[in-house]
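*Asks:* This structure is in structure tokens; I'll ask about it shortly.
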Amino acid sequence: MSKLWSGRFQKSTHKLTDDFNSSIHFDQRLYKQDITGSIAHAKMLGKQGIIPQQDAELIQKTLKEILSDIEEGKVEFDVAAEDIHMNVESILIERIGDFGKKLHTGRSRNDQVALDMRMYLKDEIQTLTEMLVALQRILLNLAKENSMTIMPGYTHLQKAQPITLAHHLLAYVEMFKRDKQRLQDTYKRTNVLPLGSGALAGTTYPLDRDFVAQELGFDAVSLNSLDAVSDRDFCIELLSNLSIIMMHLSRFSEEIILWCSHEFQFIELDDAFSTGSSIMPQKKNPDIAELVRGKTGRIYGSLMALLTTMKSLPLAYNKDMQEDKEPVFDAIDNVKMCIPVFTDMVRTMKVNKNKMYEGAKGGFTNATDLADYLVKKGVAFRDAHSIVGKIVFSCIERGIGLEDMTLDEYKAVSSAIENDVFKAISLEECVNKRNIIGGPAEEMVKKAIEVNEALI
Ligand code: ARG
């Protein structure tokens with residue numbers, strides 16, 4: 001097939017050039033955006049009298065037929081036609097001859113590809129947002145069922161203070177809330193129409209850009225033609241959003257992997273979301289969580305790849321930018337696999353409330369509360385800290401917890417201590433006394449669940 005741009009060439013391209021230069025094997029997924037964009041462009045060309053109205057109508061009709069033929073698998077793309085834009089245009093010309101040759105009036109592949117990517121990303125951003133909402137729903141439901149499921153909270157992965165599973169889960173609800181906000185913010189900057197920027201310097205035709213923007217559901221039109229064809233910030237922003245989402249999923253995955261280990265036994269993953277070992281019959285492995293954790297590296301890689309591709313590119317379009325697609329598509333595909341499988345894994349896991357409670361009981365998670373108790377009895381916090389430190393040390397030596405000390409033993413350490421100490425250091429009390437906004441107390445957690453439910 002002769003190339004649409006072959007006029008000034010004396011020779012045809014080498015097969016190696018075609019293979020190397022061609023992007024059709026990965027940009028063919030943009031066929032719908034490409035054709036939809038072309039239909040709007042053709043409609044506008046007709047309306048403006050830039051091409052005859054009848055020709056514009058024939059082009060639109062044929063493009064619609066091509067779209068449904070592609071959807072029915074009736075179209076074969078051609079590597080020699082390089083990319084999705086020239087494939088669609090060649091098919092159009094094949095079908096309606098000279099009329100089809102009028103479509104590309106006042107347009108370049110440079111503004112066309114920017115348009116296609118923006119349209120594609122707009123849809124994907126909405127899909128990703130919905131996936132995050134579904135994950136948040138599952139977390140909120142699980143939090144409701146576990147508003148008094150006491151577990152140890154950690155710092156440095158050392159037991160610190162008692163919290164509840166609900167409180168822990170709500171931490172992730174907050175993270176995914178920010179992820180959604182970031183996606184929506186990226187959406188705003190993606191929702192700008194680049195078409196009409198031409199190759200780099202706009203066009204002499206009286207295009208109606210606002211009309212095209214309206215046809216395609218864009219909020220605004222770009223204000224600088226050089227920037228519009230060379231900007232891939234919206235792709236980088238999305239990759240950055242996806243990297244942060246994966247970082248959150250990866251942290252959660254790490255905890256799930258720990259929690260289902262024999263050492264923790266806080267949860268058990270459902271068989272349907274675990275895998276076995278080919279040699280060790282007893283094994284039940286958290287492969288899903290590990291793979292989500294593992295894929296995080298690949299998403300960061302895509303972000304770094306595109307940042308590096310864009311670095312030092314002079315204005316305006318450079319073919320380097322064709323390298324934007326694979327990392328963006330790969331990252332989107334993988335995050336779209338990760339979120340739903342992760343959601344279902346969490347939805348189906350069993351919570352071992354007893355083990356969590358036992359975990360909170362060991363490790364002196366109520367030591368801060370004992371110190372706070374002493375403060376309430378008039379001891380200065382620094383003295384209280386030191387007194388409790390000594391008590392903890394002797395308990396460790398005796399192999400008991402703070403709640404196992406007798407009142408006499410407490411009195412021997414500090415006369416300020418009375419019988420009400422046992423209530424003060426009970427785990428339930430430790431949790432529910434933390435009834436500050438954002439704290440783990442049941443009443444606060446219930447409020448946080450309500451607030452978040454209203455938001456999603
Ligand atoms: N396939 C190209 C890309 O993805 C389309 C734009 C090509 N423009 C050009 N001037 N060669 O970036």
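Here's how to read the names in the structure tokens: chain A, B, ... by the order shown, residue numbers from 1 in each chain, ligand numbers from 1 in the order shown.
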Which residues come within 12 Å of Lys74 of chain A, counting only C-alpha atoms, excluding same-chain residues fewer than 5 positions away, as a ChimeraX atom specification?
*Replies:* /A:65-69,91
*Asks:* Give the residue list for ligand 1 at 8 Å, counting only C-alpha atoms and all ligand atoms, as a PyMOL selection string, sorted by chain and then by residue number.
*Replies:* chain A and resi 22-24+27+82-85+108-113+199+317-325
*Asks:* For those residues, write N, CA, C and O atoms to a file as an mmCIF file, in the first residue's frame.
*Replies:*
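Saved as part13.cif:
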```cif
data_model
loop_
_atom_site.group_PDB
_atom_site.id
_atom_site.type_symbol
_atom_site.label_atom_id
_atom_site.label_comp_id
_atom_site.auth_asym_id
_atom_site.auth_seq_id
_atom_site.Cartn_x
_atom_site.Cartn_y
_atom_site.Cartn_z
ATOM 1 N N SER A 22 6.167 1.639 12.997
ATOM 2 C CA SER A 22 4.732 1.418 13.123
ATOM 3 C C SER A 22 4.292 1.286 14.587
ATOM 4 O O SER A 22 4.980 0.701 15.419
ATOM 5 N N SER A 23 3.129 1.837 14.860
ATOM 6 C CA SER A 23 2.593 1.734 16.224
ATOM 7 C C SER A 23 1.227 1.035 16.229
ATOM 8 O O SER A 23 0.575 0.959 17.266
ATOM 9 N N ILE A 24 0.827 0.541 15.047
ATOM 10 C CA ILE A 24 -0.542 0.018 14.953
ATOM 11 C C ILE A 24 -0.801 -1.143 15.901
ATOM 12 O O ILE A 24 -1.909 -1.286 16.420
ATOM 13 N N ASP A 27 -1.426 0.981 19.104
ATOM 14 C CA ASP A 27 -2.386 2.104 19.154
ATOM 15 C C ASP A 27 -3.735 1.757 18.508
ATOM 16 O O ASP A 27 -4.642 2.585 18.495
ATOM 17 N N GLU A 82 1.261 2.281 9.264
ATOM 18 C CA GLU A 82 1.889 2.886 10.436
ATOM 19 C C GLU A 82 1.078 2.898 11.724
ATOM 20 O O GLU A 82 1.421 2.236 12.689
ATOM 21 N N ASP A 83 0.053 3.731 11.747
ATOM 22 C CA ASP A 83 -0.644 3.883 13.028
ATOM 23 C C ASP A 83 -2.167 3.855 12.818
ATOM 24 O O ASP A 83 -2.644 3.744 11.693
ATOM 25 N N ILE A 84 -2.882 3.975 13.906
ATOM 26 C CA ILE A 84 -4.342 3.873 13.833
ATOM 27 C C ILE A 84 -4.934 4.996 12.975
ATOM 28 O O ILE A 84 -5.896 4.796 12.237
ATOM 29 N N HIS A 85 -4.295 6.171 13.046
ATOM 30 C CA HIS A 85 -4.845 7.319 12.309
ATOM 31 C C HIS A 85 -4.797 7.075 10.806
ATOM 32 O O HIS A 85 -5.776 7.287 10.092
ATOM 33 N N SER A 108 -3.717 17.515 11.651
ATOM 34 C CA SER A 108 -2.449 16.783 11.561
ATOM 35 C C SER A 108 -2.582 15.566 12.474
ATOM 36 O O SER A 108 -3.409 15.547 13.386
ATOM 37 N N ARG A 109 -1.736 14.557 12.219
ATOM 38 C CA ARG A 109 -1.761 13.449 13.177
ATOM 39 C C ARG A 109 -1.299 13.913 14.564
ATOM 40 O O ARG A 109 -1.580 13.276 15.568
ATOM 41 N N ASN A 110 -0.574 15.031 14.573
ATOM 42 C CA ASN A 110 -0.060 15.485 15.869
ATOM 43 C C ASN A 110 -1.173 15.958 16.806
ATOM 44 O O ASN A 110 -1.174 15.638 17.996
ATOM 45 N N ASP A 111 -2.115 16.715 16.246
ATOM 46 C CA ASP A 111 -3.233 17.090 17.132
ATOM 47 C C ASP A 111 -4.230 15.940 17.254
ATOM 48 O O ASP A 111 -4.913 15.791 18.277
ATOM 49 N N GLN A 112 -4.245 15.073 16.222
ATOM 50 C CA GLN A 112 -5.169 13.928 16.251
ATOM 51 C C GLN A 112 -4.789 12.927 17.354
ATOM 52 O O GLN A 112 -5.632 12.461 18.117
ATOM 53 N N VAL A 113 -3.503 12.628 17.449
ATOM 54 C CA VAL A 113 -3.086 11.636 18.452
ATOM 55 C C VAL A 113 -3.261 12.197 19.863
ATOM 56 O O VAL A 113 -3.637 11.479 20.798
ATOM 57 N N ALA A 199 -0.293 20.673 12.914
ATOM 58 C CA ALA A 199 0.970 19.987 13.176
ATOM 59 C C ALA A 199 1.694 20.646 14.333
ATOM 60 O O ALA A 199 2.303 19.983 15.176
ATOM 61 N N TYR A 317 5.983 18.534 18.408
ATOM 62 C CA TYR A 317 5.893 17.077 18.364
ATOM 63 C C TYR A 317 7.223 16.462 17.925
ATOM 64 O O TYR A 317 7.920 16.971 17.059
ATOM 65 N N ASN A 318 7.579 15.365 18.576
ATOM 66 C CA ASN A 318 8.720 14.543 18.153
ATOM 67 C C ASN A 318 8.247 13.097 18.179
ATOM 68 O O ASN A 318 7.439 12.715 19.026
ATOM 69 N N LYS A 319 8.790 12.272 17.301
ATOM 70 C CA LYS A 319 8.314 10.899 17.227
ATOM 71 C C LYS A 319 8.571 10.126 18.517
ATOM 72 O O LYS A 319 7.920 9.117 18.809
ATOM 73 N N ASP A 320 9.532 10.623 19.319
ATOM 74 C CA ASP A 320 9.758 10.004 20.637
ATOM 75 C C ASP A 320 8.430 9.811 21.370
ATOM 76 O O ASP A 320 8.248 8.881 22.140
ATOM 77 N N MET A 321 7.528 10.746 21.125
ATOM 78 C CA MET A 321 6.287 10.761 21.896
ATOM 79 C C MET A 321 5.355 9.607 21.591
ATOM 80 O O MET A 321 4.410 9.353 22.335
ATOM 81 N N GLN A 322 5.638 8.912 20.498
ATOM 82 C CA GLN A 322 4.864 7.691 20.227
ATOM 83 C C GLN A 322 5.103 6.657 21.336
ATOM 84 O O GLN A 322 4.297 5.753 21.540
ATOM 85 N N GLU A 323 6.219 6.846 22.042
ATOM 86 C CA GLU A 323 6.566 5.946 23.153
ATOM 87 C C GLU A 323 5.712 6.212 24.399
ATOM 88 O O GLU A 323 5.928 5.603 25.441
ATOM 89 N N ASP A 324 4.780 7.151 24.321
ATOM 90 C CA ASP A 324 3.914 7.395 25.485
ATOM 91 C C ASP A 324 2.906 6.261 25.678
ATOM 92 O O ASP A 324 2.497 5.959 26.796
ATOM 93 N N LYS A 325 2.541 5.611 24.558
ATOM 94 C CA LYS A 325 1.356 4.752 24.634
ATOM 95 C C LYS A 325 1.553 3.468 25.420
ATOM 96 O O LYS A 325 0.735 3.120 26.279
#
```
*Asks:* Could you name the residues that touch segment 249-251 of chain A at 10 Å or less, counting only C-alpha atoms, but leaving out those on the same chain fewer than 5 positions away, as a list in words?
*Replies:*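 That gives Tyr172, Met175, Phe176, Ser243, Ile244, Ile256, Ile257, Ala289, Glu290, Leu291, Val292, Arg293, Gly294, Lys295, Thr296, Gly297, Val335, Cys338, Ile339 and Phe342 of chain A.
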*Asks:* For the selection you just gave me, I'd like the residues written to a file as a compact mmCIF listing (two decimals), in the first residue's frame, keeping N, CA and C atoms.
*Replies:*
```txt
# COMPACT_ATOMS: atom_id res chain seq x y z
N TYR A 172 -7.07 3.26 55.01
CA TYR A 172 -7.01 3.01 53.56
C TYR A 172 -8.14 3.70 52.81
N MET A 175 -6.85 6.98 52.05
CA MET A 175 -5.85 6.98 50.96
C MET A 175 -6.54 6.89 49.60
N PHE A 176 -7.52 5.99 49.51
CA PHE A 176 -8.20 5.82 48.22
C PHE A 176 -9.07 7.04 47.89
N SER A 243 0.69 5.36 40.10
CA SER A 243 1.81 4.93 40.95
C SER A 243 1.43 5.06 42.42
N ILE A 244 0.76 6.15 42.75
CA ILE A 244 0.38 6.36 44.16
C ILE A 244 -0.70 5.34 44.57
N ILE A 256 -1.54 -7.53 54.46
CA ILE A 256 -2.34 -8.75 54.31
C ILE A 256 -1.43 -9.98 54.30
N ILE A 257 -0.31 -9.85 53.66
CA ILE A 257 0.66 -10.96 53.62
C ILE A 257 1.13 -11.28 55.04
N ALA A 289 -2.00 -10.84 46.72
CA ALA A 289 -1.42 -9.66 47.39
C ALA A 289 0.04 -9.46 46.96
N GLU A 290 0.76 -10.56 46.81
CA GLU A 290 2.17 -10.44 46.41
C GLU A 290 2.30 -9.87 45.00
N LEU A 291 1.40 -10.31 44.12
CA LEU A 291 1.47 -9.85 42.73
C LEU A 291 1.08 -8.37 42.62
N VAL A 292 0.13 -7.96 43.42
CA VAL A 292 -0.23 -6.54 43.45
C VAL A 292 0.98 -5.74 43.93
N ARG A 293 1.60 -6.24 45.01
CA ARG A 293 2.81 -5.58 45.53
C ARG A 293 3.88 -5.55 44.44
N GLY A 294 4.04 -6.66 43.75
CA GLY A 294 5.07 -6.77 42.72
C GLY A 294 4.82 -5.87 41.52
N LYS A 295 3.57 -5.77 41.13
CA LYS A 295 3.24 -4.97 39.93
C LYS A 295 3.48 -3.48 40.16
N THR A 296 3.55 -3.09 41.43
CA THR A 296 3.79 -1.68 41.74
C THR A 296 5.07 -1.19 41.05
N GLY A 297 6.08 -2.03 41.03
CA GLY A 297 7.35 -1.67 40.40
C GLY A 297 7.16 -1.36 38.92
N VAL A 335 -3.35 -1.72 36.54
CA VAL A 335 -4.07 -1.19 37.71
C VAL A 335 -5.53 -1.64 37.64
N CYS A 338 -5.54 -5.00 39.04
CA CYS A 338 -5.22 -5.06 40.48
C CYS A 338 -6.40 -4.68 41.37
N ILE A 339 -7.05 -3.56 41.06
CA ILE A 339 -8.06 -3.05 42.02
C ILE A 339 -9.21 -4.06 42.22
N PHE A 342 -8.05 -7.27 44.08
CA PHE A 342 -7.72 -6.91 45.47
C PHE A 342 -9.01 -6.71 46.27
```
*Asks:* Could you name the residues that touch Leu139 of chain A at 9 Å or less, counting only C-alpha atoms, but leaving out those on the same chain fewer than 3 positions away, as a JSON list (two decimals) with C-alpha atoms, in the first residue's frame?
*Replies:*
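Below is the file selection_29.json, written as the result:
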```
[["chain", "number", "residue", "atom", "x", "y", "z"],
["A", 134, "ALA", "CA", -16.12, -0.23, 44.85],
["A", 135, "LEU", "CA", -13.02, -0.92, 46.92],
["A", 136, "GLN", "CA", -13.94, 1.80, 49.40],
["A", 142, "LEU", "CA", -15.85, -4.47, 56.67],
["A", 143, "ALA", "CA", -15.18, -1.54, 58.98],
["A", 144, "LYS", "CA", -18.83, -1.54, 60.08],
["A", 166, "ALA", "CA", -12.23, -0.63, 61.51],
["A", 169, "LEU", "CA", -9.32, -0.04, 57.34],
["A", 170, "LEU", "CA", -10.49, 3.56, 57.44],
["A", 172, "TYR", "CA", -7.01, 3.01, 53.56],
["A", 173, "VAL", "CA", -10.40, 4.54, 52.83],
["A", 343, "THR", "CA", -11.25, -5.76, 46.32],
["A", 346, "VAL", "CA", -10.48, -8.30, 50.89],
["A", 347, "ARG", "CA", -14.24, -8.86, 50.60]]
```
*Asks:* Which residues come within 8 Å of Gly378 of chain A, counting only C-alpha atoms, excluding same-chain residues fewer than 3 positions away, as an NGL selection string?
*Replies:* :A and (374-375 or 416)
*Asks:* Residues as selected, N, CA, C and O atoms, written as a PDB file, in the first residue's frame, can you do that?
*Replies:*
```pdb
ATOM      1  N   LEU A 374      -1.755   7.533  85.470  1.00  0.00           N
ATOM      2  CA  LEU A 374      -0.971   8.150  86.546  1.00  0.00           C
ATOM      3  C   LEU A 374      -1.023   9.680  86.459  1.00  0.00           C
ATOM      4  O   LEU A 374      -1.105  10.366  87.480  1.00  0.00           O
ATOM      5  N   VAL A 375      -0.990  10.179  85.225  1.00  0.00           N
ATOM      6  CA  VAL A 375      -1.060  11.633  85.032  1.00  0.00           C
ATOM      7  C   VAL A 375      -2.374  12.164  85.610  1.00  0.00           C
ATOM      8  O   VAL A 375      -2.413  13.169  86.309  1.00  0.00           O
ATOM      9  N   ALA A 416      -0.320   6.246  94.129  1.00  0.00           N
ATOM     10  CA  ALA A 416      -1.419   6.908  93.404  1.00  0.00           C
ATOM     11  C   ALA A 416      -2.352   5.911  92.743  1.00  0.00           C
ATOM     12  O   ALA A 416      -3.489   6.230  92.397  1.00  0.00           O
TER      13      ALA A 416
END
```
*Asks:* May I ask for the distance between atom CA of Arg232 of chain A and atom CA of Leu216 of chain A, given in Å to one decimal place?
*Replies:*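 Spanning atom CA of Arg232 of chain A to atom CA of Leu216 of chain A is a straight-line distance of 19.5 Å.
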*Asks:* Need the shell around Asn432 of chain A: protein/DNA/RNA residues with any atom at most 9 Å away, counting only C-alpha atoms. Skip same-chain ones fewer than 2 positions apart. Format as a PyMOL selection string?
*Replies:* chain A and resi 427-430+434-435+439-444
*Asks:* Could you pull out the strand (DSSP E or B) residues of segment 251-406 of chain A, going by DSSP on the backbone, and write them as JSON, numbers by chain?
*Replies:* {"A": [267, 268, 275, 285, 350, 351]}
*Asks:* Selection from above, C-alpha atoms, as a PDB file, in the first residue's frame, can you write it?
*Replies:*
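The new file again03.pdb reads:
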```
ATOM      1  CA  ILE A 267      -6.942 -13.094  58.801  1.00  0.00           C
ATOM      2  CA  GLU A 268      -7.465 -16.022  56.497  1.00  0.00           C
ATOM      3  CA  THR A 275      -2.794 -20.401  45.643  1.00  0.00           C
ATOM      4  CA  ASN A 285      -0.021 -18.584  49.603  1.00  0.00           C
ATOM      5  CA  LYS A 350     -12.022 -14.067  57.147  1.00  0.00           C
ATOM      6  CA  VAL A 351     -11.146 -11.924  60.128  1.00  0.00           C
TER       7      VAL A 351
END
```
*Asks:* Which of these residues is nearest to Arg29 of chain A, using only C-alpha atoms: A:Glu403, A:Glu71, A:Glu89, A:Glu57?
*Replies:* A:Glu71
*Asks:* Select, from A:Glu237, A:Asp116, A:Glu397, A:Asp369, the residue with the minimum atom-to-atom distance to Asp185 of chain A, counting only C-alpha atoms.
*Replies:*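 Nearest to Asp185 of chain A: A:Glu237.
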*Asks:* Name the residues of segment 198-319 of chain A that come out as helix (DSSP H, G or I) in a backbone DSSP run; write them as a VMD selection string.
*Replies:* chain A and resid 209 to 216 225 to 230 233 to 259 271 to 273 287 to 310 319
